[in-house]
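Q: If it helps, the file is called query_38.cif and holds mmCIF, C-alpha atoms and all ligand atoms; chains and numbers go by the auth columns:
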```
data_final
loop_
_atom_site.group_PDB
_atom_site.id
_atom_site.type_symbol
_atom_site.label_atom_id
_atom_site.label_comp_id
_atom_site.label_asym_id
_atom_site.label_seq_id
_atom_site.Cartn_x
_atom_site.Cartn_y
_atom_site.Cartn_z
_atom_site.B_iso_or_equiv
_atom_site.auth_seq_id
_atom_site.auth_asym_id
ATOM 1 C CA MET A 1 -10.197 8.867 -85.164 0.00 1 A
ATOM 2 C CA ALA A 2 -7.768 5.995 -84.485 0.00 2 A
ATOM 3 C CA THR A 3 -8.952 2.525 -85.421 0.00 3 A
ATOM 4 C CA ILE A 4 -8.276 -0.286 -83.003 0.00 4 A
ATOM 5 C CA GLN A 5 -7.851 -3.690 -84.550 0.00 5 A
ATOM 6 C CA VAL A 6 -8.957 -6.582 -82.408 0.00 6 A
ATOM 7 C CA THR A 7 -7.399 -9.942 -83.204 0.00 7 A
ATOM 8 C CA ARG A 8 -9.605 -12.941 -82.637 0.00 8 A
ATOM 9 C CA GLY A 9 -7.998 -15.800 -80.764 0.00 9 A
ATOM 10 C CA GLU A 10 -7.962 -19.227 -82.384 0.00 10 A
ATOM 11 C CA LEU A 11 -10.436 -21.743 -80.944 0.00 11 A
ATOM 12 C CA SER A 12 -8.895 -24.847 -79.428 0.00 12 A
ATOM 13 C CA LEU A 13 -10.035 -28.264 -80.654 0.00 13 A
ATOM 14 C CA ALA A 14 -12.222 -28.719 -77.507 0.00 14 A
ATOM 15 C CA GLU A 15 -13.897 -25.359 -78.152 0.00 15 A
ATOM 16 C CA LYS A 16 -14.445 -26.206 -81.810 0.00 16 A
ATOM 17 C CA LEU A 17 -16.206 -29.424 -80.803 0.00 17 A
ATOM 18 C CA TYR A 18 -18.632 -27.446 -78.548 0.00 18 A
ATOM 19 C CA ILE A 19 -19.562 -30.567 -76.513 0.00 19 A
ATOM 20 C CA PRO A 20 -16.973 -29.985 -73.722 0.00 20 A
ATOM 21 C CA GLU A 21 -18.032 -26.319 -73.474 0.00 21 A
ATOM 22 C CA VAL A 22 -21.718 -27.278 -73.318 0.00 22 A
ATOM 23 C CA MET A 23 -20.888 -29.813 -70.572 0.00 23 A
ATOM 24 C CA ARG A 24 -18.974 -27.127 -68.698 0.00 24 A
ATOM 25 C CA GLY A 25 -21.980 -24.773 -68.927 0.00 25 A
ATOM 26 C CA VAL A 26 -24.358 -27.487 -67.683 0.00 26 A
ATOM 27 C CA ALA A 27 -21.981 -28.232 -64.768 0.00 27 A
ATOM 28 C CA ILE A 28 -21.921 -24.554 -63.737 0.00 28 A
ATOM 29 C CA THR A 29 -25.743 -24.308 -63.933 0.00 29 A
ATOM 30 C CA THR A 30 -26.194 -27.544 -61.936 0.00 30 A
ATOM 31 C CA ARG A 31 -23.715 -26.403 -59.279 0.00 31 A
ATOM 32 C CA GLN A 32 -25.603 -23.102 -58.914 0.00 32 A
ATOM 33 C CA LEU A 33 -28.960 -24.910 -58.754 0.00 33 A
ATOM 34 C CA VAL A 34 -27.781 -27.252 -55.972 0.00 34 A
ATOM 35 C CA LYS A 35 -26.244 -24.317 -54.109 0.00 35 A
ATOM 36 C CA ASN A 36 -29.529 -22.364 -54.310 0.00 36 A
ATOM 37 C CA VAL A 37 -31.746 -25.310 -53.314 0.00 37 A
ATOM 38 C CA PHE A 38 -29.669 -26.309 -50.256 0.00 38 A
ATOM 39 C CA GLY A 39 -28.429 -22.890 -49.234 0.00 39 A
ATOM 40 C CA ARG A 40 -31.573 -20.781 -49.567 0.00 40 A
ATOM 41 C CA LYS A 41 -30.777 -18.656 -46.531 0.00 41 A
ATOM 42 C CA ASP A 42 -27.664 -17.353 -48.259 0.00 42 A
ATOM 43 C CA ILE A 43 -29.508 -16.264 -51.408 0.00 43 A
ATOM 44 C CA ALA A 44 -29.659 -12.503 -51.753 0.00 44 A
ATOM 45 C CA THR A 45 -32.939 -12.692 -53.711 0.00 45 A
ATOM 46 C CA ARG A 46 -35.911 -11.179 -51.890 0.00 46 A
ATOM 47 C CA GLN A 47 -39.062 -13.328 -51.875 0.00 47 A
ATOM 48 C CA TYR A 48 -41.248 -10.581 -53.303 0.00 48 A
ATOM 49 C CA PRO A 49 -44.222 -10.038 -52.879 0.00 49 A
ATOM 50 C CA ASP A 50 -44.255 -12.110 -49.648 0.00 50 A
ATOM 51 C CA VAL A 51 -41.263 -10.169 -48.351 0.00 51 A
ATOM 52 C CA LYS A 52 -41.274 -6.516 -49.322 0.00 52 A
ATOM 53 C CA LYS A 53 -38.278 -4.244 -49.207 0.00 53 A
ATOM 54 C CA PRO A 54 -38.863 -1.322 -46.829 0.00 54 A
ATOM 55 C CA TYR A 55 -38.793 1.891 -48.810 0.00 55 A
ATOM 56 C CA PRO A 56 -36.685 4.820 -47.642 0.00 56 A
ATOM 57 C CA GLU A 57 -38.569 7.545 -45.749 0.00 57 A
ATOM 58 C CA ARG A 58 -38.372 9.954 -48.662 0.00 58 A
ATOM 59 C CA PHE A 59 -39.596 7.425 -51.224 0.00 59 A
ATOM 60 C CA ARG A 60 -42.063 9.025 -53.627 0.00 60 A
ATOM 61 C CA GLY A 61 -44.830 6.482 -54.105 0.00 61 A
ATOM 62 C CA ARG A 62 -48.379 6.481 -55.353 0.00 62 A
ATOM 63 C CA HIS A 63 -50.192 9.769 -54.854 0.00 63 A
ATOM 64 C CA ARG A 64 -52.938 10.410 -52.369 0.00 64 A
ATOM 65 C CA LEU A 65 -55.225 13.279 -51.489 0.00 65 A
ATOM 66 C CA THR A 66 -55.635 14.383 -47.886 0.00 66 A
ATOM 67 C CA TRP A 67 -58.913 15.253 -46.125 0.00 67 A
ATOM 68 C CA ARG A 68 -60.212 18.032 -43.963 0.00 68 A
ATOM 69 C CA ASP A 69 -61.594 17.383 -40.480 0.00 69 A
ATOM 70 C CA ASP A 70 -65.072 16.922 -41.959 0.00 70 A
ATOM 71 C CA GLY A 71 -63.767 14.292 -44.370 0.00 71 A
ATOM 72 C CA SER A 72 -63.958 16.492 -47.478 0.00 72 A
ATOM 73 C CA VAL A 73 -61.018 16.764 -49.844 0.00 73 A
ATOM 74 C CA ARG A 74 -58.443 19.420 -48.898 0.00 74 A
ATOM 75 C CA CYS A 75 -57.706 20.241 -52.515 0.00 75 A
ATOM 76 C CA VAL A 76 -59.007 23.648 -53.576 0.00 76 A
ATOM 77 C CA ALA A 77 -58.495 23.016 -57.298 0.00 77 A
ATOM 78 C CA CYS A 78 -55.930 25.808 -57.596 0.00 78 A
ATOM 79 C CA MET A 79 -54.185 23.903 -60.427 0.00 79 A
ATOM 80 C CA LEU A 80 -50.704 24.619 -59.058 0.00 80 A
ATOM 81 C CA CYS A 81 -49.818 20.921 -59.100 0.00 81 A
ATOM 82 C CA SER A 82 -50.995 20.394 -62.660 0.00 82 A
ATOM 83 C CA THR A 83 -49.152 23.546 -63.733 0.00 83 A
ATOM 84 C CA ALA A 84 -45.921 22.379 -62.071 0.00 84 A
ATOM 85 C CA CYS A 85 -46.243 18.852 -63.450 0.00 85 A
ATOM 86 C CA PRO A 86 -43.594 18.396 -66.169 0.00 86 A
ATOM 87 C CA ALA A 87 -45.364 15.345 -67.555 0.00 87 A
ATOM 88 C CA ASN A 88 -48.734 17.080 -67.850 0.00 88 A
ATOM 89 C CA CYS A 89 -50.444 14.051 -66.345 0.00 89 A
ATOM 90 C CA ILE A 90 -52.676 15.708 -63.721 0.00 90 A
ATOM 91 C CA HIS A 91 -56.160 16.572 -64.946 0.00 91 A
ATOM 92 C CA ILE A 92 -58.456 18.526 -62.630 0.00 92 A
ATOM 93 C CA VAL A 93 -61.944 19.856 -63.217 0.00 93 A
ATOM 94 C CA ALA A 94 -62.779 22.593 -60.704 0.00 94 A
ATOM 95 C CA GLY A 95 -66.212 23.238 -59.235 0.00 95 A
ATOM 96 C CA ASP A 96 -67.714 25.925 -56.997 0.00 96 A
ATOM 97 C CA LYS A 97 -67.950 24.717 -53.411 0.00 97 A
ATOM 98 C CA GLY A 98 -70.515 27.329 -52.441 0.00 98 A
ATOM 99 C CA ASP A 99 -68.355 28.259 -49.440 0.00 99 A
ATOM 100 C CA ASN A 100 -66.497 31.602 -49.529 0.00 100 A
ATOM 101 C CA THR A 101 -63.715 30.287 -47.289 0.00 101 A
ATOM 102 C CA VAL A 102 -62.828 27.512 -49.731 0.00 102 A
ATOM 103 C CA GLU A 103 -64.396 28.601 -53.034 0.00 103 A
ATOM 104 C CA LYS A 104 -63.332 25.721 -55.269 0.00 104 A
ATOM 105 C CA TYR A 105 -63.003 21.967 -55.024 0.00 105 A
ATOM 106 C CA PRO A 106 -62.018 19.323 -57.558 0.00 106 A
ATOM 107 C CA VAL A 107 -65.100 17.850 -59.230 0.00 107 A
ATOM 108 C CA SER A 108 -62.694 15.369 -60.768 0.00 108 A
ATOM 109 C CA PHE A 109 -59.012 14.782 -60.093 0.00 109 A
ATOM 110 C CA GLU A 110 -57.125 12.318 -62.226 0.00 110 A
ATOM 111 C CA ILE A 111 -53.468 11.325 -62.532 0.00 111 A
ATOM 112 C CA ASP A 112 -52.167 9.171 -65.366 0.00 112 A
ATOM 113 C CA LEU A 113 -49.558 7.037 -63.604 0.00 113 A
ATOM 114 C CA LEU A 114 -48.180 5.716 -66.880 0.00 114 A
ATOM 115 C CA VAL A 115 -47.142 9.229 -67.831 0.00 115 A
ATOM 116 C CA CYS A 116 -46.069 10.393 -64.344 0.00 116 A
ATOM 117 C CA VAL A 117 -42.310 10.519 -63.777 0.00 117 A
ATOM 118 C CA TYR A 118 -42.597 10.570 -59.944 0.00 118 A
ATOM 119 C CA CYS A 119 -40.660 13.815 -59.667 0.00 119 A
ATOM 120 C CA GLY A 120 -42.685 15.054 -56.674 0.00 120 A
ATOM 121 C CA PHE A 121 -43.191 18.539 -58.119 0.00 121 A
ATOM 122 C CA CYS A 122 -46.950 18.266 -57.528 0.00 122 A
ATOM 123 C CA GLU A 123 -46.657 17.809 -53.769 0.00 123 A
ATOM 124 C CA GLU A 124 -43.966 20.498 -53.621 0.00 124 A
ATOM 125 C CA ALA A 125 -46.235 22.950 -55.442 0.00 125 A
ATOM 126 C CA CYS A 126 -49.372 22.305 -53.386 0.00 126 A
ATOM 127 C CA PRO A 127 -50.046 25.141 -50.908 0.00 127 A
ATOM 128 C CA CYS A 128 -52.627 23.102 -48.962 0.00 128 A
ATOM 129 C CA ASP A 129 -50.845 19.820 -48.190 0.00 129 A
ATOM 130 C CA ALA A 130 -53.610 18.294 -50.281 0.00 130 A
ATOM 131 C CA ILE A 131 -51.539 15.976 -52.458 0.00 131 A
ATOM 132 C CA ARG A 132 -48.854 13.708 -51.096 0.00 132 A
ATOM 133 C CA MET A 133 -46.678 10.902 -52.412 0.00 133 A
ATOM 134 C CA ASP A 134 -45.940 9.296 -49.037 0.00 134 A
ATOM 135 C CA SER A 135 -48.269 6.312 -49.461 0.00 135 A
ATOM 136 C CA GLY A 136 -45.248 3.966 -49.537 0.00 136 A
ATOM 137 C CA LYS A 137 -46.839 2.152 -52.473 0.00 137 A
ATOM 138 C CA HIS A 138 -45.742 1.921 -56.061 0.00 138 A
ATOM 139 C CA PRO A 139 -48.153 1.614 -58.993 0.00 139 A
ATOM 140 C CA MET A 140 -49.535 -1.872 -59.417 0.00 140 A
ATOM 141 C CA PRO A 141 -49.258 -3.598 -62.794 0.00 141 A
ATOM 142 C CA SER A 142 -52.465 -3.938 -64.771 0.00 142 A
ATOM 143 C CA PHE A 143 -53.680 -5.123 -68.147 0.00 143 A
ATOM 144 C CA SER A 144 -55.405 -1.914 -69.056 0.00 144 A
ATOM 145 C CA ARG A 145 -54.138 1.586 -69.564 0.00 145 A
ATOM 146 C CA ASP A 146 -57.300 2.973 -67.998 0.00 146 A
ATOM 147 C CA LYS A 147 -56.555 1.233 -64.674 0.00 147 A
ATOM 148 C CA GLN A 148 -53.372 3.289 -64.435 0.00 148 A
ATOM 149 C CA ARG A 149 -55.391 6.486 -64.385 0.00 149 A
ATOM 150 C CA ILE A 150 -56.120 7.020 -60.695 0.00 150 A
ATOM 151 C CA ARG A 151 -59.121 9.132 -59.872 0.00 151 A
ATOM 152 C CA LYS A 152 -60.327 11.232 -56.951 0.00 152 A
ATOM 153 C CA VAL A 153 -62.080 8.364 -55.181 0.00 153 A
ATOM 154 C CA GLN A 154 -58.976 6.155 -55.187 0.00 154 A
ATOM 155 C CA LEU A 155 -56.736 9.091 -54.265 0.00 155 A
ATOM 156 C CA LEU A 156 -58.971 9.826 -51.270 0.00 156 A
ATOM 157 C CA GLU A 157 -59.130 6.179 -50.220 0.00 157 A
ATOM 158 C CA GLU A 158 -55.345 6.284 -49.857 0.00 158 A
ATOM 159 C CA GLY A 159 -55.530 9.631 -48.069 0.00 159 A
ATOM 160 C CA GLN A 160 -55.459 10.721 -44.464 0.00 160 A
ATOM 161 C CA PRO A 161 -56.519 13.799 -42.491 0.00 161 A
ATOM 162 C CA SER A 162 -54.231 16.789 -42.631 0.00 162 A
ATOM 163 C CA THR A 163 -54.402 19.690 -40.214 0.00 163 A
ATOM 164 C CA SER A 164 -51.865 21.917 -41.928 0.00 164 A
ATOM 165 C CA HIS A 165 -53.106 25.392 -42.836 0.00 165 A
ATOM 166 C CA PRO A 166 -53.447 26.471 -46.458 0.00 166 A
ATOM 167 C CA GLY A 167 -50.413 28.484 -47.478 0.00 167 A
ATOM 168 C CA GLY A 168 -48.109 26.471 -45.220 0.00 168 A
ATOM 169 C CA LEU A 169 -48.742 28.461 -42.049 0.00 169 A
ATOM 170 C CA GLY A 170 -48.403 25.403 -39.826 0.00 170 A
ATOM 171 C CA ASN A 171 -50.840 24.064 -37.230 0.00 171 A
HETATM 172 S S1 LIG B . -44.867 13.284 -59.541 0.00 201 B
HETATM 173 FE FE1 LIG B . -44.218 14.748 -61.119 0.00 201 B
HETATM 174 S S2 LIG B . -44.896 13.851 -63.030 0.00 201 B
HETATM 175 FE FE2 LIG B . -45.993 12.783 -61.411 0.00 201 B
HETATM 176 S S3 LIG B . -47.932 13.854 -61.191 0.00 201 B
HETATM 177 FE FE3 LIG B . -46.503 14.781 -59.734 0.00 201 B
HETATM 178 S S4 LIG B . -45.584 16.498 -60.826 0.00 201 B
HETATM 179 FE FE4 LIG B . -46.535 15.180 -62.352 0.00 201 B
HETATM 180 S S1 LIG B . -51.853 22.150 -55.820 0.00 202 B
HETATM 181 FE FE1 LIG B . -52.910 21.120 -54.135 0.00 202 B
HETATM 182 S S2 LIG B . -54.746 22.351 -53.801 0.00 202 B
HETATM 183 FE FE2 LIG B . -53.936 22.944 -55.793 0.00 202 B
HETATM 184 S S3 LIG B . -55.019 21.624 -57.258 0.00 202 B
HETATM 185 FE FE3 LIG B . -53.148 20.555 -56.736 0.00 202 B
HETATM 186 S S4 LIG B . -53.673 19.225 -55.013 0.00 202 B
HETATM 187 FE FE4 LIG B . -55.301 20.724 -55.230 0.00 202 B
#
```
Here is the file; what I need is its structure written in the form of structure tokens.

A:
Amino acid sequence: MATIQVTRGELSLAEKLYIPEVMRGVAITTRQLVKNVFGRKDIATRQYPDVKKPYPERFRGRHRLTWRDDGSVRCVACMLCSTACPANCIHIVAGDKGDNTVEKYPVSFEIDLLVCVYCGFCEEACPCDAIRMDSGKHPMPSFSRDKQRIRKVQLLEEGQPSTSHPGGLGN
């Protein structure tokens, strides 16, 4: 492999003294500060969180679980989402619903958002429109790892009714 030699340029006397260069740096910083203070409307910076950037329609945000008409969770604990999940971050415990038309329901449903890669495979895999990532929200920062594990109750709080038929047969 060819070696490229880089020759270092000689420093001028002003550069060797550092003071003029430091003064030049301070002048640039001060000029930028004055420009930002008196020309705020021209600053491209968004005043987050007061002003939030609208997400694109297809943005994959925090998960949510949808409900049936009676308010119960649509999920039938089929495990397709957790099987499709490449990050293995969906943990479901299935229970018997005691209803032959539904059979199972998730006793617990948990997603570890710190492990999730927001690929959307879970909502793609779901045959019941039970899990969605259209909340328009991103995970909030927290001081504890446990707070990043969202559970069934939180997922349902974010949810909404869905009238789609299991198996994707439409309304
Ligand atoms: S978005 Fe992807 S990584 Fe996250 S829970 Fe769904 S399938 Fe798993
Ligand atoms: S794929 Fe849908 S119905 Fe099946 S366990 Fe996941 S959320 Fe529930």

Q: Restricting the calculation to all atoms listed in the file: of A:Ala14, A:Ala130, A:Cys116, A:Val107, which residue gets closest to Arg60 of chain A?

A: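 Selected residue with least distance to Arg60 of chain A: A:Cys116.
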
Q: So, counting all atoms listed in the file, which residue among A:Thr30, A:Ser12, A:Ser82, A:Ser162 is closest to ligand LIG 201 (chain B)?

A: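 Nearest candidate to ligand LIG 201 (chain B) out of A:Thr30, A:Ser12, A:Ser82, A:Ser162: A:Ser82.
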
Q: If I put a ball of radius 10 Å at (-58.0, 8.7, -58.4) in the file's coordinates, which residues poke into it when counting only C-alpha atoms, written as number ranges by chain?

A: A: 63-65, 108-112, 147-158

Q: On this structure, the PyMOL selection byres (((not hetatm)) within 9 of (chain B and resi 202)) would catch which residues? List them as an MDAnalysis selection string, sorted by chain and number.

A: chainID A and resid 65:66 73:84 90 92 94 105:106 109 122:132 166

Q: Those same residues - C-alpha atoms - I'd like them written as a PDB file, keeping the file's coordinate frame.

A:
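Listing of again_27.pdb after writing:
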```pdb
ATOM      1  CA  LEU A  65     -55.225  13.279 -51.489  1.00  0.00           C
ATOM      2  CA  THR A  66     -55.635  14.383 -47.886  1.00  0.00           C
ATOM      3  CA  VAL A  73     -61.018  16.764 -49.844  1.00  0.00           C
ATOM      4  CA  ARG A  74     -58.443  19.420 -48.898  1.00  0.00           C
ATOM      5  CA  CYS A  75     -57.706  20.241 -52.515  1.00  0.00           C
ATOM      6  CA  VAL A  76     -59.007  23.648 -53.576  1.00  0.00           C
ATOM      7  CA  ALA A  77     -58.495  23.016 -57.298  1.00  0.00           C
ATOM      8  CA  CYS A  78     -55.930  25.808 -57.596  1.00  0.00           C
ATOM      9  CA  MET A  79     -54.185  23.903 -60.427  1.00  0.00           C
ATOM     10  CA  LEU A  80     -50.704  24.619 -59.058  1.00  0.00           C
ATOM     11  CA  CYS A  81     -49.818  20.921 -59.100  1.00  0.00           C
ATOM     12  CA  SER A  82     -50.995  20.394 -62.660  1.00  0.00           C
ATOM     13  CA  THR A  83     -49.152  23.546 -63.733  1.00  0.00           C
ATOM     14  CA  ALA A  84     -45.921  22.379 -62.071  1.00  0.00           C
ATOM     15  CA  ILE A  90     -52.676  15.708 -63.721  1.00  0.00           C
ATOM     16  CA  ILE A  92     -58.456  18.526 -62.630  1.00  0.00           C
ATOM     17  CA  ALA A  94     -62.779  22.593 -60.704  1.00  0.00           C
ATOM     18  CA  TYR A 105     -63.003  21.967 -55.024  1.00  0.00           C
ATOM     19  CA  PRO A 106     -62.018  19.323 -57.558  1.00  0.00           C
ATOM     20  CA  PHE A 109     -59.012  14.782 -60.093  1.00  0.00           C
ATOM     21  CA  CYS A 122     -46.950  18.266 -57.528  1.00  0.00           C
ATOM     22  CA  GLU A 123     -46.657  17.809 -53.769  1.00  0.00           C
ATOM     23  CA  GLU A 124     -43.966  20.498 -53.621  1.00  0.00           C
ATOM     24  CA  ALA A 125     -46.235  22.950 -55.442  1.00  0.00           C
ATOM     25  CA  CYS A 126     -49.372  22.305 -53.386  1.00  0.00           C
ATOM     26  CA  PRO A 127     -50.046  25.141 -50.908  1.00  0.00           C
ATOM     27  CA  CYS A 128     -52.627  23.102 -48.962  1.00  0.00           C
ATOM     28  CA  ASP A 129     -50.845  19.820 -48.190  1.00  0.00           C
ATOM     29  CA  ALA A 130     -53.610  18.294 -50.281  1.00  0.00           C
ATOM     30  CA  ILE A 131     -51.539  15.976 -52.458  1.00  0.00           C
ATOM     31  CA  ARG A 132     -48.854  13.708 -51.096  1.00  0.00           C
ATOM     32  CA  PRO A 166     -53.447  26.471 -46.458  1.00  0.00           C
TER      33      PRO A 166
END
```

Q: Report, in Å to a single decimal, how far apart atom CA of Ala44 of chain A and atom CA of Pro141 of chain A are.

A: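 For atom CA of Pro141 of chain A relative to atom CA of Ala44 of chain A, the distance reads 24.2 Å.
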
Q: Just want the residues within 6 Å of ligand LIG 201 (chain B), written as a list in words, counting all atoms listed in the file.

A: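 Checked against 6 Å with all atoms listed in the file; the hits are Cys85, Pro86, Ala87, Cys89, Ile90, Cys116, Val117, Tyr118, Cys119, Gly120, Phe121 and Cys122 of chain A.
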
Q: Could you tell me which of A:Ser72, A:Arg62, A:Tyr18, A:Val37 comes closest to Val102 of chain A if we count only C-alpha atoms?

A: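 Closest candidate: A:Ser72.
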
Q: I need the output of the PyMOL selection byres (((chain A and resi 58) around 12) and not hetatm) for this file as a short mmCIF file (atom, residue, chain, number, x, y, z; two decimals) with C-alpha atoms, in the coordinates of the input; which residues are they?

A:
```cif
data_model
loop_
_atom_site.label_atom_id
_atom_site.label_comp_id
_atom_site.auth_asym_id
_atom_site.auth_seq_id
_atom_site.Cartn_x
_atom_site.Cartn_y
_atom_site.Cartn_z
CA PRO A 54 -38.86 -1.32 -46.83
CA TYR A 55 -38.79 1.89 -48.81
CA PRO A 56 -36.68 4.82 -47.64
CA GLU A 57 -38.57 7.54 -45.75
CA PHE A 59 -39.60 7.42 -51.22
CA ARG A 60 -42.06 9.02 -53.63
CA GLY A 61 -44.83 6.48 -54.10
CA CYS A 119 -40.66 13.82 -59.67
CA GLY A 120 -42.68 15.05 -56.67
CA ARG A 132 -48.85 13.71 -51.10
CA MET A 133 -46.68 10.90 -52.41
CA ASP A 134 -45.94 9.30 -49.04
CA SER A 135 -48.27 6.31 -49.46
CA GLY A 136 -45.25 3.97 -49.54
#
```

Q: Atom CA of Lys52 of chain A and atom CA of Pro139 of chain A, how far apart in Å?

A: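 Between atom CA of Pro139 of chain A and atom CA of Lys52 of chain A the gap works out to 14.4 Å.
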
Q: Suppose you want the space between atom CA of Trp67 of chain A and atom CA of Gln160 of chain A; what is it in Å?

A: 5.9 Å

Q: Neighbouring residues of Ile43 of chain A were defined as those with any atom within 12 Å, considering all atoms listed in the file; residues of the same chain fewer than 6 positions away were excluded. Please report them as a list in words.

A: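 These residues fall inside the cut-off: Gln32, Leu33, Lys35, Asn36 and Val37 of chain A.
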
Q: Measuring between only C-alpha atoms, which one of A:Gly25, A:Leu11, A:Arg31, A:Gly71 shows the shortest distance to Thr163 of chain A?

A: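 Residue with the minimum atom-to-atom distance to Thr163 of chain A: A:Gly71.
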
Q: Give me the box for segment 132-146 of chain A as JSON, namely the centre and edge lengths in Å to one decimal of a box along x, y and z that holds every listed atom plus 3 Å on each side.

A:
```
{"center_x": -51.3, "center_y": 4.3, "center_z": -59.3, "size_x": 18.1, "size_y": 24.8, "size_z": 26.5}
```

Q: Nearest to Gly159 of chain A among A:Ser142, A:Arg68, A:Asp99, A:Tyr48, with distances taken over all atoms listed in the file: which residue is it?

A: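 With all atoms listed in the file as the atom set, the closest residue is A:Arg68.
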
Q: Kindly output segment 123-135 of chain A as a PDB file, in the coordinates of the input, after building N, CA, C and O atoms.

A:
```pdb
ATOM      1  N   GLU A 123     -46.511  17.616 -55.218  1.00  0.00           N
ATOM      2  CA  GLU A 123     -46.657  17.809 -53.769  1.00  0.00           C
ATOM      3  C   GLU A 123     -45.853  19.011 -53.285  1.00  0.00           C
ATOM      4  O   GLU A 123     -46.215  19.657 -52.319  1.00  0.00           O
ATOM      5  N   GLU A 124     -44.749  19.307 -53.975  1.00  0.00           N
ATOM      6  CA  GLU A 124     -43.966  20.498 -53.621  1.00  0.00           C
ATOM      7  C   GLU A 124     -44.765  21.766 -53.902  1.00  0.00           C
ATOM      8  O   GLU A 124     -44.692  22.743 -53.162  1.00  0.00           O
ATOM      9  N   ALA A 125     -45.521  21.741 -55.004  1.00  0.00           N
ATOM     10  CA  ALA A 125     -46.235  22.950 -55.442  1.00  0.00           C
ATOM     11  C   ALA A 125     -47.504  23.203 -54.633  1.00  0.00           C
ATOM     12  O   ALA A 125     -47.959  24.340 -54.541  1.00  0.00           O
ATOM     13  N   CYS A 126     -48.064  22.165 -54.047  1.00  0.00           N
ATOM     14  CA  CYS A 126     -49.372  22.305 -53.386  1.00  0.00           C
ATOM     15  C   CYS A 126     -49.293  23.188 -52.136  1.00  0.00           C
ATOM     16  O   CYS A 126     -48.532  22.901 -51.222  1.00  0.00           O
ATOM     17  N   PRO A 127     -50.088  24.254 -52.084  1.00  0.00           N
ATOM     18  CA  PRO A 127     -50.046  25.141 -50.908  1.00  0.00           C
ATOM     19  C   PRO A 127     -50.913  24.637 -49.755  1.00  0.00           C
ATOM     20  O   PRO A 127     -50.958  25.252 -48.710  1.00  0.00           O
ATOM     21  N   CYS A 128     -51.638  23.557 -49.955  1.00  0.00           N
ATOM     22  CA  CYS A 128     -52.627  23.102 -48.962  1.00  0.00           C
ATOM     23  C   CYS A 128     -52.297  21.743 -48.360  1.00  0.00           C
ATOM     24  O   CYS A 128     -53.150  21.189 -47.663  1.00  0.00           O
ATOM     25  N   ASP A 129     -51.155  21.176 -48.642  1.00  0.00           N
ATOM     26  CA  ASP A 129     -50.845  19.820 -48.190  1.00  0.00           C
ATOM     27  C   ASP A 129     -51.962  18.858 -48.631  1.00  0.00           C
ATOM     28  O   ASP A 129     -52.346  17.964 -47.895  1.00  0.00           O
ATOM     29  N   ALA A 130     -52.476  19.093 -49.817  1.00  0.00           N
ATOM     30  CA  ALA A 130     -53.610  18.294 -50.281  1.00  0.00           C
ATOM     31  C   ALA A 130     -53.166  17.060 -51.049  1.00  0.00           C
ATOM     32  O   ALA A 130     -53.864  16.052 -51.052  1.00  0.00           O
ATOM     33  N   ILE A 131     -52.012  17.134 -51.696  1.00  0.00           N
ATOM     34  CA  ILE A 131     -51.539  15.976 -52.458  1.00  0.00           C
ATOM     35  C   ILE A 131     -50.201  15.537 -51.886  1.00  0.00           C
ATOM     36  O   ILE A 131     -49.329  16.365 -51.610  1.00  0.00           O
ATOM     37  N   ARG A 132     -50.094  14.256 -51.661  1.00  0.00           N
ATOM     38  CA  ARG A 132     -48.854  13.708 -51.096  1.00  0.00           C
ATOM     39  C   ARG A 132     -48.451  12.453 -51.854  1.00  0.00           C
ATOM     40  O   ARG A 132     -49.290  11.791 -52.452  1.00  0.00           O
ATOM     41  N   MET A 133     -47.173  12.122 -51.760  1.00  0.00           N
ATOM     42  CA  MET A 133     -46.678  10.902 -52.412  1.00  0.00           C
ATOM     43  C   MET A 133     -46.030   9.992 -51.369  1.00  0.00           C
ATOM     44  O   MET A 133     -45.097   9.261 -51.652  1.00  0.00           O
ATOM     45  N   ASP A 134     -46.536  10.068 -50.128  1.00  0.00           N
ATOM     46  CA  ASP A 134     -45.940   9.296 -49.037  1.00  0.00           C
ATOM     47  C   ASP A 134     -46.744   8.031 -48.711  1.00  0.00           C
ATOM     48  O   ASP A 134     -46.714   7.556 -47.592  1.00  0.00           O
ATOM     49  N   SER A 135     -47.460   7.510 -49.709  1.00  0.00           N
ATOM     50  CA  SER A 135     -48.269   6.312 -49.461  1.00  0.00           C
ATOM     51  C   SER A 135     -47.402   5.074 -49.246  1.00  0.00           C
ATOM     52  O   SER A 135     -47.860   4.070 -48.710  1.00  0.00           O
TER      53      SER A 135
END
```
